[in-house]
Amino acid sequence: MDRAAARSSFDVVRRKVGGVLAPLVFFGLLIAPLDLPGPAHRLSAIFAATVVLWVCEVIPLGATALIAPALAVAMDVTPAAKAFAPFASPLIFLFLGGFMIALGLSEQGLDRRAALWLLARDWVRGSPARARMAVGIGAFACSMWISNTATTAMLIPVALGLCAAIRGAALSEDQPKFDRYAEGTLLTLTYACSIGGIATPIGTAPNVIALDFLERQVGVQLDFFQWISFGLPTGLATLAIVLVYAERRFPAPVARLDRLTVEVKKQLDGLGPMSPGERRAAAVFLLAVTGWLLPSVLKVVLGAAHPVAAWADRCLQEGVVATLAGVLLCIVPGGRRRGEPVLPWDKAMRLDWSTLYLLGGGFSLGAMMFDTGLAEAVARGFLAIAGPIAGSPFGLLAASTFLVLWLTEVTSNVATTSMMVPVLIAIAQAAGIDPLPTILCVTMAASFAFTLPVSTPPNAIAYGTGLIKIQSMIRFGIVLDLLGYLVLLACGALLLPALGLGL
């Protein structure tokens, strides 16, 4: 049985198990004599069944996220207006605008040009090791602004072409040795895509989920610059580990291949000069980044009390900037055909609506857990089991981060964050601990899904090329999970206090 068939068989079994387990868990909890108020008791059944459906992917994740709040209304847990209000959260529009910006860059081909440009730099030319490093850095940089799945799908063809060019440029007796190099390059690419998402608030969905819960449940609003000040150093430290380990584990058989330079230059020259559409897409993207960073910059330069800085902080919220930039791409002429914008509206509507539903459903479940008291009940139960470990700020951070790090290997990172963040906020508050450091580290741990093809879409895309052995992914993933955990602990214990973000 080949790897695609094995993966398909596993998915079929998992869905069948989930299809049986979800209703059993739902009705079992409904009739169980739990010491909870009525709404919290009913919500516990809905929440547990939703978790099973998410983990087993019995139905699409977005569909499950829509069912949960609808079922909560039908079972008199909360009013409809309250259950569905989180679907209109400003952070939903941050992700919606981010999707539109990514589609606009891709529509004009600017994403592929940027990747090839990076590979054509003088410090890369002719060196397979440096070419892999460039692939990792390029993937990390793109994933800061574009979803990790979209970045992987965009760069996999570039990486495969690069590996083929390197293999073809080698001597015939050395060519088989480059298969292992290709394996390491594809793993580097997929892991860099996952890591890059933690660097910015819009890099990946868990970041948006955490920001929403922190704002609504804790009253803490992190701006773009504050997130980057922690996320970017953490991401770069983890990326450095990936690059070093990949070079040691999957070294290039030769130090230099001159034909590599020719192949990359050929592809880049084939694109020609930047088109008007590419320049306009780049301008809108830079405008969005400016809008995201401007409130933080103005607070530093003018002071938080200055009227202009106060206006920017109040009015230039990330979701507003992203939405305006996304719509602007659908208005600005693309220059290819008369009357066609940079991002045609019909193509803008092909964005990943399922992820937006998943975000909204996660927000809704988390809010209901707090409103009904279920989160507090779970938190107190956890505190009783964990004992003194969860009683200190660093102990809670370390234990929670470790738990989420391994949970996310078998569960969607969005589902993991939606499940764990509201519970951990309640645990921290019940223990009298500032939840911010724990939530930031846990959120980033949710993106560290490196071990299995099913852990995250980038892993599945790379594994689907047929060039990666499952043993290699598991071995590399376990090492990266453990070292990434140490990075998160170090950054949480040292960097967050330096930034004034807790501990």
# chains A, B, ... in the order shown; residues from 1 in each chain; ligands from 1
call {"tool": "residues_around", "arguments": {"residues": "Gly381 in chain A", "least_positions_apart": "3", "cutoff": "12 Å", "atoms": "only C-alpha atoms", "output": "MDAnalysis selection string"}}
result
chainID A and resid 35 374:378 384:387 390 423:424 426:427 430:431
call {"tool": "write_last_selection", "arguments": {"atoms": "C-alpha atoms", "output": "compact mmCIF listing (two decimals), in the first residue's frame"}}
result
# COMPACT_ATOMS: atom_id res chain seq x y z
CA ASP A 35 -22.43 19.37 39.20
CA LEU A 374 -18.18 26.06 32.18
CA ALA A 375 -14.66 27.46 31.66
CA GLU A 376 -14.36 28.30 35.34
CA ALA A 377 -15.51 24.80 36.33
CA VAL A 378 -12.98 23.17 34.01
CA ALA A 384 -7.12 20.56 41.63
CA ILE A 385 -5.40 17.89 39.49
CA ALA A 386 -2.28 19.91 38.65
CA GLY A 387 -1.69 20.97 42.22
CA ALA A 390 -0.11 25.27 37.92
CA VAL A 423 -9.96 27.30 29.50
CA LEU A 424 -6.41 28.46 30.23
CA ALA A 426 -10.02 30.80 33.30
CA ILE A 427 -7.36 28.62 34.96
CA ALA A 430 -8.77 31.28 39.14
CA ALA A 431 -5.17 30.96 40.32
call {"tool": "residues_around", "arguments": {"residues": "Leu29 in chain A", "least_positions_apart": "6", "cutoff": "10 Å", "atoms": "only C-alpha atoms", "output": "count of residues only"}}
result
9
call {"tool": "atom_distance", "arguments": {"atom1": "CA of Thr323 in chain A", "atom2": "CA of Gly361 in chain A"}}
result
20.4 Å
call {"tool": "atom_distance", "arguments": {"atom1": "CA of Leu486 in chain A", "atom2": "CA of Val414 in chain A"}}
result
22.4 Å
call {"tool": "select_by_dssp", "arguments": {"residues": "range 391-472 of chain A", "states": "alpha helix (DSSP H)", "output": "PyMOL selection string"}}
result
chain A and resi 393-407+413-430+436-445+457-463+470-472
call {"tool": "closest_atom_pairs", "arguments": {"of": "range 290-373 of chain A", "to": "range 67-81 of chain A", "cutoff": "12 Å", "atoms": "only C-alpha atoms", "output": "Markdown table"}}
result
| residue | atom | partner | partner_atom | distance |
| --- | --- | --- | --- | --- |
| A:Tyr357 | CA | A:Ile67 | CA | 10.2 |
| A:Leu358 | CA | A:Ala68 | CA | 10.4 |
| A:Gly360 | CA | A:Pro69 | CA | 9.4 |
| A:Gly361 | CA | A:Pro69 | CA | 6.7 |
| A:Gly362 | CA | A:Ala68 | CA | 9.0 |
| A:Phe363 | CA | A:Pro69 | CA | 9.8 |
| A:Ser364 | CA | A:Pro69 | CA | 6.5 |
| A:Leu365 | CA | A:Pro69 | CA | 6.8 |
| A:Gly366 | CA | A:Pro69 | CA | 10.4 |
| A:Ala367 | CA | A:Thr78 | CA | 10.3 |
| A:Met368 | CA | A:Thr78 | CA | 7.4 |
| A:Met369 | CA | A:Val77 | CA | 10.1 |
| A:Phe370 | CA | A:Thr78 | CA | 11.6 |
| A:Asp371 | CA | A:Thr78 | CA | 8.8 |
| A:Thr372 | CA | A:Val77 | CA | 7.9 |
| A:Gly373 | CA | A:Val77 | CA | 11.4 |
call {"tool": "atom_distance", "arguments": {"atom1": "CA of Leu407 in chain A", "atom2": "CA of Pro458 in chain A"}}
result
17.2 Å
call {"tool": "residues_around", "arguments": {"residues": "Ile146 in chain A", "least_positions_apart": "3", "cutoff": "6 Å", "atoms": "only C-alpha atoms", "output": "list in words"}}
result
Ala102, Cys142 and Ser143 of chain A
call {"tool": "residues_around", "arguments": {"residues": "Val208 in chain A", "least_positions_apart": "5", "cutoff": "7 Å", "atoms": "only C-alpha atoms", "output": "PyMOL selection string"}}
result
chain A and resi 91+201-202
call {"tool": "write_last_selection", "arguments": {"atoms": "all heavy atoms", "output": "PDB file, in the first residue's frame"}}
result
ATOM      1  N   LEU A  91     -11.789  40.913  14.452  1.00  0.00           N
ATOM      2  CA  LEU A  91     -10.671  40.047  14.087  1.00  0.00           C
ATOM      3  C   LEU A  91     -11.026  39.094  12.952  1.00  0.00           C
ATOM      4  O   LEU A  91     -10.154  38.631  12.222  1.00  0.00           O
ATOM      5  CB  LEU A  91     -10.202  39.266  15.315  1.00  0.00           C
ATOM      6  CG  LEU A  91      -9.512  40.141  16.368  1.00  0.00           C
ATOM      7  CD1 LEU A  91      -9.324  39.380  17.663  1.00  0.00           C
ATOM      8  CD2 LEU A  91      -8.183  40.652  15.863  1.00  0.00           C
ATOM      9  N   PRO A 201       0.300  39.083  13.823  1.00  0.00           N
ATOM     10  CA  PRO A 201      -1.063  38.720  14.243  1.00  0.00           C
ATOM     11  C   PRO A 201      -1.879  38.055  13.149  1.00  0.00           C
ATOM     12  O   PRO A 201      -2.761  37.251  13.446  1.00  0.00           O
ATOM     13  CB  PRO A 201      -1.676  40.074  14.642  1.00  0.00           C
ATOM     14  CG  PRO A 201      -0.524  40.942  14.958  1.00  0.00           C
ATOM     15  CD  PRO A 201       0.586  40.512  14.043  1.00  0.00           C
ATOM     16  N   ILE A 202      -1.604  38.379  11.881  1.00  0.00           N
ATOM     17  CA  ILE A 202      -2.408  37.817  10.795  1.00  0.00           C
ATOM     18  C   ILE A 202      -1.744  36.613  10.146  1.00  0.00           C
ATOM     19  O   ILE A 202      -2.236  36.087   9.156  1.00  0.00           O
ATOM     20  CB  ILE A 202      -2.690  38.877   9.709  1.00  0.00           C
ATOM     21  CG1 ILE A 202      -1.388  39.314   9.011  1.00  0.00           C
ATOM     22  CG2 ILE A 202      -3.434  40.053  10.264  1.00  0.00           C
ATOM     23  CD1 ILE A 202      -1.611  40.037   7.719  1.00  0.00           C
TER      24      ILE A 202
END
call {"tool": "residues_around", "arguments": {"residues": "Trp292 in chain A", "least_positions_apart": "5", "cutoff": "12 Å", "atoms": "only C-alpha atoms", "output": "number ranges by chain"}}
result
A: 94, 98, 145, 200-202, 222-228, 285-287, 297-298, 312-313, 315-325
